[in-house]
file protein_22.txt (compact mmCIF, N, CA and C atoms)
# COMPACT_ATOMS: atom_id res chain seq x y z
N MET A 1 -37.70 132.63 -22.44
CA MET A 1 -37.67 131.60 -23.45
C MET A 1 -36.61 130.58 -23.07
N ILE A 2 -36.83 129.35 -23.49
CA ILE A 2 -35.85 128.30 -23.25
C ILE A 2 -35.50 127.64 -24.58
N ASN A 3 -34.35 127.01 -24.62
CA ASN A 3 -33.90 126.36 -25.84
C ASN A 3 -34.03 124.86 -25.66
N ILE A 4 -34.88 124.23 -26.46
CA ILE A 4 -35.06 122.79 -26.42
C ILE A 4 -34.70 122.24 -27.79
N GLU A 5 -33.62 121.47 -27.81
CA GLU A 5 -33.18 120.86 -29.06
C GLU A 5 -33.09 121.87 -30.19
N SER A 6 -32.40 122.99 -29.93
CA SER A 6 -32.11 124.04 -30.91
C SER A 6 -33.32 124.84 -31.36
N GLU A 7 -34.44 124.75 -30.68
CA GLU A 7 -35.59 125.58 -31.01
C GLU A 7 -35.98 126.37 -29.77
N LEU A 8 -36.29 127.65 -29.97
CA LEU A 8 -36.72 128.48 -28.85
C LEU A 8 -38.18 128.22 -28.55
N VAL A 9 -38.49 128.09 -27.28
CA VAL A 9 -39.86 127.88 -26.85
C VAL A 9 -40.17 128.95 -25.81
N ALA A 10 -41.21 129.72 -26.06
CA ALA A 10 -41.61 130.74 -25.09
C ALA A 10 -42.23 130.06 -23.89
N VAL A 11 -41.96 130.61 -22.73
CA VAL A 11 -42.51 130.05 -21.50
C VAL A 11 -43.55 131.03 -20.96
N GLY A 12 -44.77 130.56 -20.84
CA GLY A 12 -45.83 131.38 -20.28
C GLY A 12 -46.04 131.04 -18.82
N LYS A 13 -46.85 131.84 -18.16
CA LYS A 13 -47.15 131.55 -16.77
C LYS A 13 -48.49 132.15 -16.41
N LEU A 14 -48.96 131.81 -15.23
CA LEU A 14 -50.18 132.38 -14.67
C LEU A 14 -49.78 133.48 -13.69
N VAL A 15 -50.35 134.67 -13.88
CA VAL A 15 -50.06 135.80 -13.01
C VAL A 15 -51.39 136.36 -12.52
N PRO A 16 -51.56 136.55 -11.19
CA PRO A 16 -52.83 137.11 -10.70
C PRO A 16 -53.06 138.52 -11.26
N LEU A 17 -54.28 138.79 -11.63
CA LEU A 17 -54.66 140.08 -12.21
C LEU A 17 -54.26 141.25 -11.31
N GLN A 18 -54.30 141.05 -10.00
CA GLN A 18 -53.98 142.13 -9.07
C GLN A 18 -52.54 142.60 -9.18
N HIS A 19 -51.66 141.84 -9.84
CA HIS A 19 -50.27 142.25 -10.00
C HIS A 19 -50.07 143.27 -11.12
N PHE A 20 -51.08 143.50 -11.93
CA PHE A 20 -50.95 144.44 -13.04
C PHE A 20 -51.37 145.84 -12.59
N LYS A 21 -50.42 146.76 -12.67
CA LYS A 21 -50.68 148.15 -12.31
C LYS A 21 -50.23 149.02 -13.48
N PRO A 22 -51.08 149.74 -14.12
CA PRO A 22 -52.51 149.79 -13.91
C PRO A 22 -53.18 148.53 -14.47
N ARG A 23 -54.37 148.30 -13.99
CA ARG A 23 -55.13 147.14 -14.43
C ARG A 23 -55.62 147.37 -15.86
N PRO A 24 -55.42 146.38 -16.75
CA PRO A 24 -55.91 146.54 -18.12
C PRO A 24 -57.42 146.75 -18.16
N LYS A 25 -57.87 147.71 -18.95
CA LYS A 25 -59.30 148.04 -18.99
C LYS A 25 -60.16 146.87 -19.47
N GLN A 26 -59.60 145.97 -20.27
CA GLN A 26 -60.35 144.82 -20.77
C GLN A 26 -60.74 143.86 -19.64
N THR A 27 -60.07 143.99 -18.49
CA THR A 27 -60.31 143.05 -17.40
C THR A 27 -61.29 143.58 -16.35
N ILE A 28 -61.85 144.76 -16.58
CA ILE A 28 -62.82 145.31 -15.64
C ILE A 28 -63.97 144.31 -15.48
N GLY A 29 -64.35 144.07 -14.25
CA GLY A 29 -65.42 143.12 -13.96
C GLY A 29 -64.91 141.74 -13.55
N LEU A 30 -63.64 141.46 -13.78
CA LEU A 30 -63.06 140.18 -13.36
C LEU A 30 -62.52 140.34 -11.94
N PRO A 31 -62.65 139.31 -11.10
CA PRO A 31 -62.10 139.38 -9.74
C PRO A 31 -60.58 139.61 -9.78
N LYS A 32 -60.07 140.33 -8.78
CA LYS A 32 -58.64 140.67 -8.76
C LYS A 32 -57.73 139.46 -8.68
N GLU A 33 -58.25 138.34 -8.17
CA GLU A 33 -57.42 137.13 -8.08
C GLU A 33 -57.45 136.28 -9.35
N THR A 34 -58.12 136.75 -10.39
CA THR A 34 -58.21 136.00 -11.64
C THR A 34 -56.82 135.77 -12.22
N PRO A 35 -56.45 134.52 -12.51
CA PRO A 35 -55.16 134.25 -13.15
C PRO A 35 -55.16 134.72 -14.60
N VAL A 36 -54.10 135.38 -14.98
CA VAL A 36 -53.91 135.86 -16.35
C VAL A 36 -52.88 134.94 -17.01
N LEU A 37 -53.23 134.38 -18.17
CA LEU A 37 -52.27 133.60 -18.94
C LEU A 37 -51.34 134.58 -19.63
N THR A 38 -50.05 134.33 -19.58
CA THR A 38 -49.10 135.20 -20.27
C THR A 38 -48.32 134.41 -21.31
N CYS A 39 -47.83 135.13 -22.29
CA CYS A 39 -47.05 134.49 -23.35
C CYS A 39 -46.20 135.54 -24.06
N HIS A 40 -44.98 135.18 -24.40
CA HIS A 40 -44.12 136.04 -25.21
C HIS A 40 -44.38 135.73 -26.67
N VAL A 41 -44.47 136.77 -27.48
CA VAL A 41 -44.70 136.62 -28.91
C VAL A 41 -43.54 137.30 -29.64
N GLY A 42 -42.89 136.55 -30.51
CA GLY A 42 -41.74 137.08 -31.24
C GLY A 42 -42.13 137.90 -32.45
N PRO A 43 -41.14 138.49 -33.09
CA PRO A 43 -41.39 139.36 -34.24
C PRO A 43 -42.12 138.67 -35.40
N SER A 44 -41.85 137.39 -35.62
CA SER A 44 -42.48 136.71 -36.76
C SER A 44 -43.97 136.47 -36.54
N GLU A 45 -44.42 136.45 -35.26
CA GLU A 45 -45.84 136.26 -34.98
C GLU A 45 -46.54 137.58 -34.67
N ALA A 46 -45.79 138.64 -34.42
CA ALA A 46 -46.36 139.92 -34.00
C ALA A 46 -47.30 140.51 -35.04
N TYR A 47 -47.08 140.19 -36.32
CA TYR A 47 -47.94 140.75 -37.36
C TYR A 47 -49.40 140.39 -37.15
N CYS A 48 -49.68 139.26 -36.51
CA CYS A 48 -51.07 138.85 -36.27
C CYS A 48 -51.79 139.84 -35.37
N PHE A 49 -51.05 140.54 -34.50
CA PHE A 49 -51.67 141.49 -33.59
C PHE A 49 -51.76 142.89 -34.19
N SER A 50 -51.03 143.12 -35.27
CA SER A 50 -51.04 144.46 -35.87
C SER A 50 -52.11 144.59 -36.95
N ARG A 51 -52.70 143.51 -37.37
CA ARG A 51 -53.76 143.55 -38.37
C ARG A 51 -55.10 143.78 -37.71
N LYS A 52 -56.11 143.99 -38.53
CA LYS A 52 -57.46 144.12 -38.00
C LYS A 52 -57.82 142.82 -37.28
N PRO A 53 -58.33 142.93 -36.04
CA PRO A 53 -58.63 141.71 -35.29
C PRO A 53 -59.62 140.81 -36.03
N GLY A 54 -59.37 139.54 -35.96
CA GLY A 54 -60.24 138.57 -36.59
C GLY A 54 -60.94 137.73 -35.53
N ASP A 55 -61.35 136.55 -35.94
CA ASP A 55 -62.03 135.64 -35.02
C ASP A 55 -61.02 134.96 -34.11
N ALA A 56 -61.37 134.89 -32.85
CA ALA A 56 -60.51 134.23 -31.87
C ALA A 56 -61.26 133.06 -31.25
N SER A 57 -60.52 132.04 -30.84
CA SER A 57 -61.12 130.91 -30.14
C SER A 57 -60.17 130.46 -29.03
N PHE A 58 -60.73 129.69 -28.10
CA PHE A 58 -59.98 129.27 -26.93
C PHE A 58 -60.48 127.88 -26.55
N GLY A 59 -59.58 127.00 -26.15
CA GLY A 59 -60.02 125.67 -25.75
C GLY A 59 -58.95 124.90 -25.01
N PHE A 60 -59.34 123.73 -24.56
CA PHE A 60 -58.48 122.84 -23.78
C PHE A 60 -58.40 121.48 -24.45
N GLY A 61 -57.32 120.78 -24.20
CA GLY A 61 -57.16 119.42 -24.68
C GLY A 61 -56.21 118.69 -23.74
N HIS A 62 -55.95 117.45 -24.05
CA HIS A 62 -54.97 116.70 -23.27
C HIS A 62 -54.36 115.63 -24.16
N PHE A 63 -53.19 115.19 -23.78
CA PHE A 63 -52.52 114.12 -24.50
C PHE A 63 -51.57 113.41 -23.55
N ASP A 64 -51.31 112.16 -23.84
CA ASP A 64 -50.42 111.35 -23.02
C ASP A 64 -49.04 111.32 -23.64
N THR A 65 -48.04 111.38 -22.79
CA THR A 65 -46.66 111.23 -23.23
C THR A 65 -46.03 110.13 -22.39
N ASP A 66 -44.83 109.73 -22.76
CA ASP A 66 -44.12 108.73 -21.97
C ASP A 66 -43.84 109.24 -20.56
N ASP A 67 -43.79 110.56 -20.42
CA ASP A 67 -43.52 111.17 -19.12
C ASP A 67 -44.78 111.50 -18.34
N GLY A 68 -45.93 111.12 -18.85
CA GLY A 68 -47.18 111.40 -18.15
C GLY A 68 -48.13 112.27 -18.98
N PRO A 69 -49.34 112.46 -18.48
CA PRO A 69 -50.34 113.21 -19.24
C PRO A 69 -50.13 114.72 -19.14
N LEU A 70 -50.38 115.40 -20.25
CA LEU A 70 -50.25 116.85 -20.30
C LEU A 70 -51.56 117.48 -20.77
N MET A 71 -51.78 118.70 -20.32
CA MET A 71 -52.94 119.49 -20.73
C MET A 71 -52.45 120.54 -21.72
N SER A 72 -53.26 120.78 -22.73
CA SER A 72 -52.97 121.89 -23.64
C SER A 72 -54.07 122.93 -23.48
N ILE A 73 -53.66 124.18 -23.50
CA ILE A 73 -54.57 125.31 -23.48
C ILE A 73 -54.28 126.07 -24.76
N ARG A 74 -55.30 126.28 -25.60
CA ARG A 74 -55.07 126.84 -26.93
C ARG A 74 -55.82 128.14 -27.13
N PHE A 75 -55.12 129.13 -27.68
CA PHE A 75 -55.72 130.38 -28.13
C PHE A 75 -55.40 130.50 -29.60
N GLN A 76 -56.40 130.83 -30.40
CA GLN A 76 -56.17 131.03 -31.82
C GLN A 76 -56.79 132.34 -32.26
N LEU A 77 -56.00 133.12 -32.99
CA LEU A 77 -56.44 134.37 -33.59
C LEU A 77 -56.01 134.31 -35.05
N ASP A 78 -56.98 134.12 -35.93
CA ASP A 78 -56.68 133.96 -37.35
C ASP A 78 -55.60 132.89 -37.54
N ASP A 79 -54.44 133.28 -38.09
CA ASP A 79 -53.37 132.32 -38.40
C ASP A 79 -52.52 131.95 -37.19
N LEU A 80 -52.61 132.72 -36.13
CA LEU A 80 -51.76 132.51 -34.98
C LEU A 80 -52.39 131.53 -33.99
N GLN A 81 -51.64 130.50 -33.61
CA GLN A 81 -52.07 129.59 -32.55
C GLN A 81 -51.02 129.62 -31.45
N VAL A 82 -51.49 129.78 -30.22
CA VAL A 82 -50.60 129.76 -29.06
C VAL A 82 -51.08 128.63 -28.16
N TYR A 83 -50.14 127.79 -27.76
CA TYR A 83 -50.45 126.69 -26.85
C TYR A 83 -49.65 126.85 -25.57
N TRP A 84 -50.33 126.66 -24.47
CA TRP A 84 -49.69 126.52 -23.18
C TRP A 84 -49.80 125.04 -22.84
N VAL A 85 -48.75 124.47 -22.30
CA VAL A 85 -48.75 123.06 -21.94
C VAL A 85 -48.46 122.97 -20.45
N ALA A 86 -49.26 122.17 -19.75
CA ALA A 86 -49.10 122.03 -18.30
C ALA A 86 -49.32 120.57 -17.92
N GLN A 87 -48.80 120.20 -16.77
CA GLN A 87 -49.07 118.87 -16.24
C GLN A 87 -50.58 118.75 -16.03
N LEU A 88 -51.17 117.69 -16.49
CA LEU A 88 -52.63 117.54 -16.47
C LEU A 88 -53.22 117.58 -15.07
N THR A 89 -52.48 117.16 -14.09
CA THR A 89 -53.01 117.13 -12.73
C THR A 89 -52.49 118.28 -11.87
N ASP A 90 -51.93 119.31 -12.48
CA ASP A 90 -51.37 120.45 -11.75
C ASP A 90 -52.48 121.22 -11.02
N PRO A 91 -52.44 121.27 -9.68
CA PRO A 91 -53.51 121.93 -8.94
C PRO A 91 -53.60 123.43 -9.21
N GLU A 92 -52.47 124.08 -9.53
CA GLU A 92 -52.50 125.52 -9.83
C GLU A 92 -53.30 125.79 -11.11
N VAL A 93 -53.12 124.94 -12.10
CA VAL A 93 -53.86 125.10 -13.35
C VAL A 93 -55.36 124.87 -13.12
N TRP A 94 -55.71 123.84 -12.35
CA TRP A 94 -57.12 123.57 -12.08
C TRP A 94 -57.75 124.67 -11.24
N ALA A 95 -56.99 125.26 -10.33
CA ALA A 95 -57.51 126.39 -9.55
C ALA A 95 -57.79 127.57 -10.49
N ALA A 96 -56.91 127.80 -11.46
CA ALA A 96 -57.14 128.87 -12.44
C ALA A 96 -58.40 128.58 -13.25
N ILE A 97 -58.55 127.34 -13.68
CA ILE A 97 -59.74 126.97 -14.47
C ILE A 97 -61.00 127.21 -13.65
N ASP A 98 -60.97 126.91 -12.36
CA ASP A 98 -62.14 127.14 -11.51
C ASP A 98 -62.50 128.62 -11.45
N VAL A 99 -61.49 129.49 -11.33
CA VAL A 99 -61.76 130.93 -11.31
C VAL A 99 -62.31 131.37 -12.66
N TRP A 100 -61.73 130.87 -13.75
CA TRP A 100 -62.21 131.23 -15.09
C TRP A 100 -63.65 130.76 -15.30
N LYS A 101 -63.97 129.57 -14.79
CA LYS A 101 -65.35 129.06 -14.91
C LYS A 101 -66.33 130.00 -14.24
N ARG A 102 -66.00 130.44 -13.02
CA ARG A 102 -66.91 131.35 -12.30
C ARG A 102 -67.07 132.68 -13.05
N ALA A 103 -65.99 133.16 -13.63
CA ALA A 103 -66.03 134.43 -14.35
C ALA A 103 -66.59 134.26 -15.77
N GLY A 104 -66.43 133.06 -16.33
CA GLY A 104 -66.88 132.81 -17.70
C GLY A 104 -65.93 133.36 -18.76
N ARG A 105 -64.80 133.91 -18.31
CA ARG A 105 -63.85 134.52 -19.23
C ARG A 105 -62.42 134.27 -18.78
N VAL A 106 -61.49 134.36 -19.73
CA VAL A 106 -60.07 134.14 -19.47
C VAL A 106 -59.28 135.34 -19.97
N PRO A 107 -58.51 136.01 -19.09
CA PRO A 107 -57.65 137.10 -19.56
C PRO A 107 -56.30 136.54 -20.02
N ILE A 108 -55.81 137.10 -21.13
CA ILE A 108 -54.53 136.68 -21.70
C ILE A 108 -53.71 137.92 -21.98
N LEU A 109 -52.45 137.89 -21.58
CA LEU A 109 -51.54 138.99 -21.85
C LEU A 109 -50.41 138.47 -22.74
N PHE A 110 -50.24 139.11 -23.88
CA PHE A 110 -49.16 138.78 -24.80
C PHE A 110 -48.10 139.86 -24.71
N ASN A 111 -46.87 139.46 -24.43
CA ASN A 111 -45.71 140.37 -24.49
C ASN A 111 -45.19 140.29 -25.92
N VAL A 112 -45.49 141.31 -26.70
CA VAL A 112 -45.20 141.29 -28.13
C VAL A 112 -43.89 142.02 -28.40
N GLN A 113 -42.96 141.32 -29.04
CA GLN A 113 -41.68 141.91 -29.42
C GLN A 113 -41.69 142.09 -30.93
N GLU A 114 -41.79 143.33 -31.36
CA GLU A 114 -41.70 143.62 -32.78
C GLU A 114 -40.28 144.08 -33.07
N ALA A 115 -39.99 144.50 -34.28
CA ALA A 115 -38.63 144.84 -34.68
C ALA A 115 -37.88 145.66 -33.63
N LYS A 116 -38.34 146.87 -33.34
CA LYS A 116 -37.65 147.71 -32.37
C LYS A 116 -38.57 148.16 -31.25
N ARG A 117 -39.66 147.47 -31.11
CA ARG A 117 -40.66 147.89 -30.14
C ARG A 117 -41.18 146.69 -29.35
N ARG A 118 -41.38 146.90 -28.08
CA ARG A 118 -41.97 145.87 -27.23
C ARG A 118 -43.21 146.46 -26.60
N HIS A 119 -44.32 145.71 -26.65
CA HIS A 119 -45.55 146.19 -26.03
C HIS A 119 -46.39 145.00 -25.57
N GLU A 120 -47.40 145.30 -24.79
CA GLU A 120 -48.29 144.26 -24.29
C GLU A 120 -49.64 144.37 -24.98
N MET A 121 -50.22 143.24 -25.26
CA MET A 121 -51.55 143.18 -25.83
C MET A 121 -52.37 142.30 -24.90
N VAL A 122 -53.48 142.83 -24.42
CA VAL A 122 -54.33 142.09 -23.49
C VAL A 122 -55.65 141.78 -24.19
N CYS A 123 -56.11 140.56 -24.03
CA CYS A 123 -57.44 140.21 -24.53
C CYS A 123 -58.14 139.38 -23.46
N VAL A 124 -59.43 139.43 -23.47
CA VAL A 124 -60.24 138.62 -22.57
C VAL A 124 -61.18 137.84 -23.48
N ILE A 125 -61.13 136.53 -23.36
CA ILE A 125 -61.91 135.68 -24.26
C ILE A 125 -62.87 134.82 -23.43
N ASP A 126 -64.02 134.53 -24.01
CA ASP A 126 -65.01 133.69 -23.32
C ASP A 126 -64.49 132.27 -23.16
N LEU A 127 -64.77 131.71 -22.02
CA LEU A 127 -64.43 130.32 -21.75
C LEU A 127 -65.39 129.42 -22.52
N PRO A 128 -64.92 128.29 -23.06
CA PRO A 128 -65.86 127.38 -23.74
C PRO A 128 -66.99 126.99 -22.80
N ARG A 129 -68.17 126.82 -23.35
CA ARG A 129 -69.35 126.52 -22.53
C ARG A 129 -69.27 125.18 -21.84
N ASP A 130 -68.81 124.15 -22.53
CA ASP A 130 -68.80 122.81 -21.95
C ASP A 130 -67.42 122.46 -21.41
N MET A 131 -67.19 122.84 -20.18
CA MET A 131 -65.91 122.52 -19.54
C MET A 131 -65.99 121.22 -18.75
N SER A 132 -67.18 120.70 -18.55
CA SER A 132 -67.35 119.52 -17.69
C SER A 132 -66.62 118.29 -18.24
N ARG A 133 -66.47 118.19 -19.54
CA ARG A 133 -65.80 117.01 -20.10
C ARG A 133 -64.32 116.96 -19.73
N HIS A 134 -63.75 118.10 -19.33
CA HIS A 134 -62.34 118.13 -18.93
C HIS A 134 -62.16 117.80 -17.45
N ASP A 135 -63.21 117.94 -16.67
CA ASP A 135 -63.10 117.71 -15.22
C ASP A 135 -62.69 116.29 -14.86
N VAL A 136 -62.97 115.34 -15.72
CA VAL A 136 -62.62 113.95 -15.45
C VAL A 136 -61.11 113.78 -15.28
N HIS A 137 -60.34 114.68 -15.87
CA HIS A 137 -58.88 114.58 -15.81
C HIS A 137 -58.28 115.22 -14.56
N ARG A 138 -59.09 115.95 -13.84
CA ARG A 138 -58.60 116.70 -12.68
C ARG A 138 -57.90 115.81 -11.66
N LEU A 139 -58.42 114.66 -11.40
CA LEU A 139 -57.89 113.81 -10.34
C LEU A 139 -57.26 112.52 -10.86
N ARG A 140 -56.77 112.55 -12.08
CA ARG A 140 -56.13 111.35 -12.63
C ARG A 140 -54.94 110.94 -11.77
N PRO A 141 -54.85 109.67 -11.43
CA PRO A 141 -53.74 109.20 -10.59
C PRO A 141 -52.50 108.86 -11.40
N ASP A 142 -52.17 109.68 -12.38
CA ASP A 142 -51.02 109.41 -13.23
C ASP A 142 -49.71 109.75 -12.53
N ASN A 143 -48.64 109.47 -13.23
CA ASN A 143 -47.31 109.73 -12.68
C ASN A 143 -47.10 111.21 -12.38
N ALA A 144 -46.25 111.46 -11.42
CA ALA A 144 -45.85 112.83 -11.11
C ALA A 144 -45.03 113.37 -12.29
N PRO A 145 -44.95 114.67 -12.45
CA PRO A 145 -44.18 115.23 -13.55
C PRO A 145 -42.70 114.85 -13.46
N THR A 146 -42.10 114.64 -14.60
CA THR A 146 -40.68 114.36 -14.65
C THR A 146 -39.94 115.67 -14.88
N GLU A 147 -38.61 115.62 -14.79
CA GLU A 147 -37.83 116.83 -15.04
C GLU A 147 -38.06 117.34 -16.46
N ARG A 148 -38.22 116.44 -17.41
CA ARG A 148 -38.42 116.84 -18.81
C ARG A 148 -39.76 117.52 -19.02
N THR A 149 -40.85 117.01 -18.38
CA THR A 149 -42.15 117.65 -18.56
C THR A 149 -42.22 118.92 -17.78
call {"tool": "encode", "arguments": {"input": "protein_22.txt", "output": "structure tokens"}}
result
Amino acid sequence: MINIESELVAVGKLVPLQHFKPRPKQTIGLPKETPVLTCHVGPSEAYCFSRKPGDASFGFGHFDTDDGPLMSIRFQLDDLQVYWVAQLTDPEVWAAIDVWKRAGRVPILFNVQEAKRRHEMVCVIDLPRDMSRHDVHRLRPDNAPTERT
């Protein structure tokens, strides 16, 4: 986690599925090089994972900032929304999207910190059907990322 203007922000990353030993059973059938989105979840959000699972959704968006364009990747489970933010033209992110497109699914690992317990929750969610509308942003000739982004 990092501190930005007195607020903690969890930092997620992409980790190849092959790095998980043992491999989560939910990921059976996905290629070993499939990127897994990771995210830390604090105690105040952990309750969303302890209840009966509800409806989940996943999607992409983008927005422009003074420092250049950013991509948002969103996972929602009932009341909980998790956003990953990346540089819109980041080749690592687009490579991950290409693998997810071929698989049709995205694996996500949440590192959940509850009161006195830490555990991992893995889910695999279907990729939205219409990803082509996002491809136009892949090669945008926008500014390189700044230190702030």
call {"tool": "atom_distance", "arguments": {"input": "protein_22.txt", "atom1": "atom C of Leu37 of chain A", "atom2": "atom CA of Asp66 of chain A"}}
result
26.9 Å
call {"tool": "closest_residue", "arguments": {"input": "protein_22.txt", "among": "A:Met121, A:Leu88, A:Leu127, A:Leu70", "to": "Trp100 of chain A", "atoms": "only N, CA and C atoms"}}
result
A:Leu127
call {"tool": "residues_near_point", "arguments": {"input": "protein_22.txt", "point": "(-38.8, 141.9, -36.6)", "cutoff": "7 Å", "atoms": "only N, CA and C atoms", "output": "ChimeraX atom specification"}}
result
/A:42-44,113-116
call {"tool": "select_by_dssp", "arguments": {"input": "protein_22.txt", "residues": "segment 46-101 of chain A", "states": "strand (DSSP E)", "output": "list in words"}}
result
Ala56, Ser57, Phe58, Gly59, Phe60, Gly61, His62, Phe63, Asp64, Thr65, Gly68, Pro69, Leu70, Met71, Ser72, Ile73, Arg74, Phe75, Gln76, Leu77, Leu80, Gln81, Val82, Tyr83, Trp84, Val85, Ala86 and Gln87 of chain A
call {"tool": "closest_residue", "arguments": {"input": "protein_22.txt", "among": "A:Asp55, A:Asp98, A:Asn111, A:Leu17", "to": "His40 of chain A", "atoms": "only N, CA and C atoms"}}
result
A:Asn111
call {"tool": "atom_distance", "arguments": {"input": "protein_22.txt", "atom1": "atom N of Gly29 of chain A", "atom2": "atom CA of Ala86 of chain A"}}
result
27.1 Å
call {"tool": "select_by_dssp", "arguments": {"input": "protein_22.txt", "residues": "segment 28-142 of chain A", "states": "helix (DSSP H, G or I)", "output": "PDB file with N, CA and C atoms, in the coordinates of the input"}}
result
ATOM      1  N   PRO A  43     -41.140 138.490 -33.090  1.00  0.00           N
ATOM      2  CA  PRO A  43     -41.390 139.360 -34.240  1.00  0.00           C
ATOM      3  C   PRO A  43     -42.120 138.670 -35.400  1.00  0.00           C
ATOM      4  N   SER A  44     -41.850 137.390 -35.620  1.00  0.00           N
ATOM      5  CA  SER A  44     -42.480 136.710 -36.760  1.00  0.00           C
ATOM      6  C   SER A  44     -43.970 136.470 -36.540  1.00  0.00           C
ATOM      7  N   GLU A  45     -44.420 136.450 -35.260  1.00  0.00           N
ATOM      8  CA  GLU A  45     -45.840 136.260 -34.980  1.00  0.00           C
ATOM      9  C   GLU A  45     -46.540 137.580 -34.670  1.00  0.00           C
ATOM     10  N   ALA A  46     -45.790 138.640 -34.420  1.00  0.00           N
ATOM     11  CA  ALA A  46     -46.360 139.920 -34.000  1.00  0.00           C
ATOM     12  C   ALA A  46     -47.300 140.510 -35.040  1.00  0.00           C
ATOM     13  N   TYR A  47     -47.080 140.190 -36.320  1.00  0.00           N
ATOM     14  CA  TYR A  47     -47.940 140.750 -37.360  1.00  0.00           C
ATOM     15  C   TYR A  47     -49.400 140.390 -37.150  1.00  0.00           C
ATOM     16  N   CYS A  48     -49.680 139.260 -36.510  1.00  0.00           N
ATOM     17  CA  CYS A  48     -51.070 138.850 -36.270  1.00  0.00           C
ATOM     18  C   CYS A  48     -51.790 139.840 -35.370  1.00  0.00           C
ATOM     19  N   PHE A  49     -51.050 140.540 -34.500  1.00  0.00           N
ATOM     20  CA  PHE A  49     -51.670 141.490 -33.590  1.00  0.00           C
ATOM     21  C   PHE A  49     -51.760 142.890 -34.190  1.00  0.00           C
ATOM     22  N   SER A  50     -51.030 143.120 -35.270  1.00  0.00           N
ATOM     23  CA  SER A  50     -51.040 144.460 -35.870  1.00  0.00           C
ATOM     24  C   SER A  50     -52.110 144.590 -36.950  1.00  0.00           C
ATOM     25  N   PRO A  91     -52.440 121.270  -9.680  1.00  0.00           N
ATOM     26  CA  PRO A  91     -53.510 121.930  -8.940  1.00  0.00           C
ATOM     27  C   PRO A  91     -53.600 123.430  -9.210  1.00  0.00           C
ATOM     28  N   GLU A  92     -52.470 124.080  -9.530  1.00  0.00           N
ATOM     29  CA  GLU A  92     -52.500 125.520  -9.830  1.00  0.00           C
ATOM     30  C   GLU A  92     -53.300 125.790 -11.110  1.00  0.00           C
ATOM     31  N   VAL A  93     -53.120 124.940 -12.100  1.00  0.00           N
ATOM     32  CA  VAL A  93     -53.860 125.100 -13.350  1.00  0.00           C
ATOM     33  C   VAL A  93     -55.360 124.870 -13.120  1.00  0.00           C
ATOM     34  N   TRP A  94     -55.710 123.840 -12.350  1.00  0.00           N
ATOM     35  CA  TRP A  94     -57.120 123.570 -12.080  1.00  0.00           C
ATOM     36  C   TRP A  94     -57.750 124.670 -11.240  1.00  0.00           C
ATOM     37  N   ALA A  95     -56.990 125.260 -10.330  1.00  0.00           N
ATOM     38  CA  ALA A  95     -57.510 126.390  -9.550  1.00  0.00           C
ATOM     39  C   ALA A  95     -57.790 127.570 -10.490  1.00  0.00           C
ATOM     40  N   ALA A  96     -56.910 127.800 -11.460  1.00  0.00           N
ATOM     41  CA  ALA A  96     -57.140 128.870 -12.440  1.00  0.00           C
ATOM     42  C   ALA A  96     -58.400 128.580 -13.250  1.00  0.00           C
ATOM     43  N   ILE A  97     -58.550 127.340 -13.680  1.00  0.00           N
ATOM     44  CA  ILE A  97     -59.740 126.970 -14.470  1.00  0.00           C
ATOM     45  C   ILE A  97     -61.000 127.210 -13.650  1.00  0.00           C
ATOM     46  N   ASP A  98     -60.970 126.910 -12.360  1.00  0.00           N
ATOM     47  CA  ASP A  98     -62.140 127.140 -11.510  1.00  0.00           C
ATOM     48  C   ASP A  98     -62.500 128.620 -11.450  1.00  0.00           C
ATOM     49  N   VAL A  99     -61.490 129.490 -11.330  1.00  0.00           N
ATOM     50  CA  VAL A  99     -61.760 130.930 -11.310  1.00  0.00           C
ATOM     51  C   VAL A  99     -62.310 131.370 -12.660  1.00  0.00           C
ATOM     52  N   TRP A 100     -61.730 130.870 -13.750  1.00  0.00           N
ATOM     53  CA  TRP A 100     -62.210 131.230 -15.090  1.00  0.00           C
ATOM     54  C   TRP A 100     -63.650 130.760 -15.300  1.00  0.00           C
ATOM     55  N   LYS A 101     -63.970 129.570 -14.790  1.00  0.00           N
ATOM     56  CA  LYS A 101     -65.350 129.060 -14.910  1.00  0.00           C
ATOM     57  C   LYS A 101     -66.330 130.000 -14.240  1.00  0.00           C
ATOM     58  N   ARG A 102     -66.000 130.440 -13.020  1.00  0.00           N
ATOM     59  CA  ARG A 102     -66.910 131.350 -12.300  1.00  0.00           C
ATOM     60  C   ARG A 102     -67.070 132.680 -13.050  1.00  0.00           C
ATOM     61  N   ALA A 103     -65.990 133.160 -13.630  1.00  0.00           N
ATOM     62  CA  ALA A 103     -66.030 134.430 -14.350  1.00  0.00           C
ATOM     63  C   ALA A 103     -66.590 134.260 -15.770  1.00  0.00           C
ATOM     64  N   SER A 132     -67.180 120.700 -18.550  1.00  0.00           N
ATOM     65  CA  SER A 132     -67.350 119.520 -17.690  1.00  0.00           C
ATOM     66  C   SER A 132     -66.620 118.290 -18.240  1.00  0.00           C
ATOM     67  N   ARG A 133     -66.470 118.190 -19.540  1.00  0.00           N
ATOM     68  CA  ARG A 133     -65.800 117.010 -20.100  1.00  0.00           C
ATOM     69  C   ARG A 133     -64.320 116.960 -19.730  1.00  0.00           C
ATOM     70  N   HIS A 134     -63.750 118.100 -19.330  1.00  0.00           N
ATOM     71  CA  HIS A 134     -62.340 118.130 -18.930  1.00  0.00           C
ATOM     72  C   HIS A 134     -62.160 117.800 -17.450  1.00  0.00           C
ATOM     73  N   ASP A 135     -63.210 117.940 -16.670  1.00  0.00           N
ATOM     74  CA  ASP A 135     -63.100 117.710 -15.220  1.00  0.00           C
ATOM     75  C   ASP A 135     -62.690 116.290 -14.860  1.00  0.00           C
TER      76      ASP A 135
END
call {"tool": "atom_distance", "arguments": {"input": "protein_22.txt", "atom1": "atom C of Leu77 of chain A", "atom2": "atom C of Ala56 of chain A"}}
result
6.6 Å
call {"tool": "residues_around", "arguments": {"input": "protein_22.txt", "residues": "Val124 of chain A", "least_positions_apart": "5", "cutoff": "5 Å", "atoms": "all atoms listed in the file", "output": "VMD selection string"}}
result
chain A and resid 106 to 108
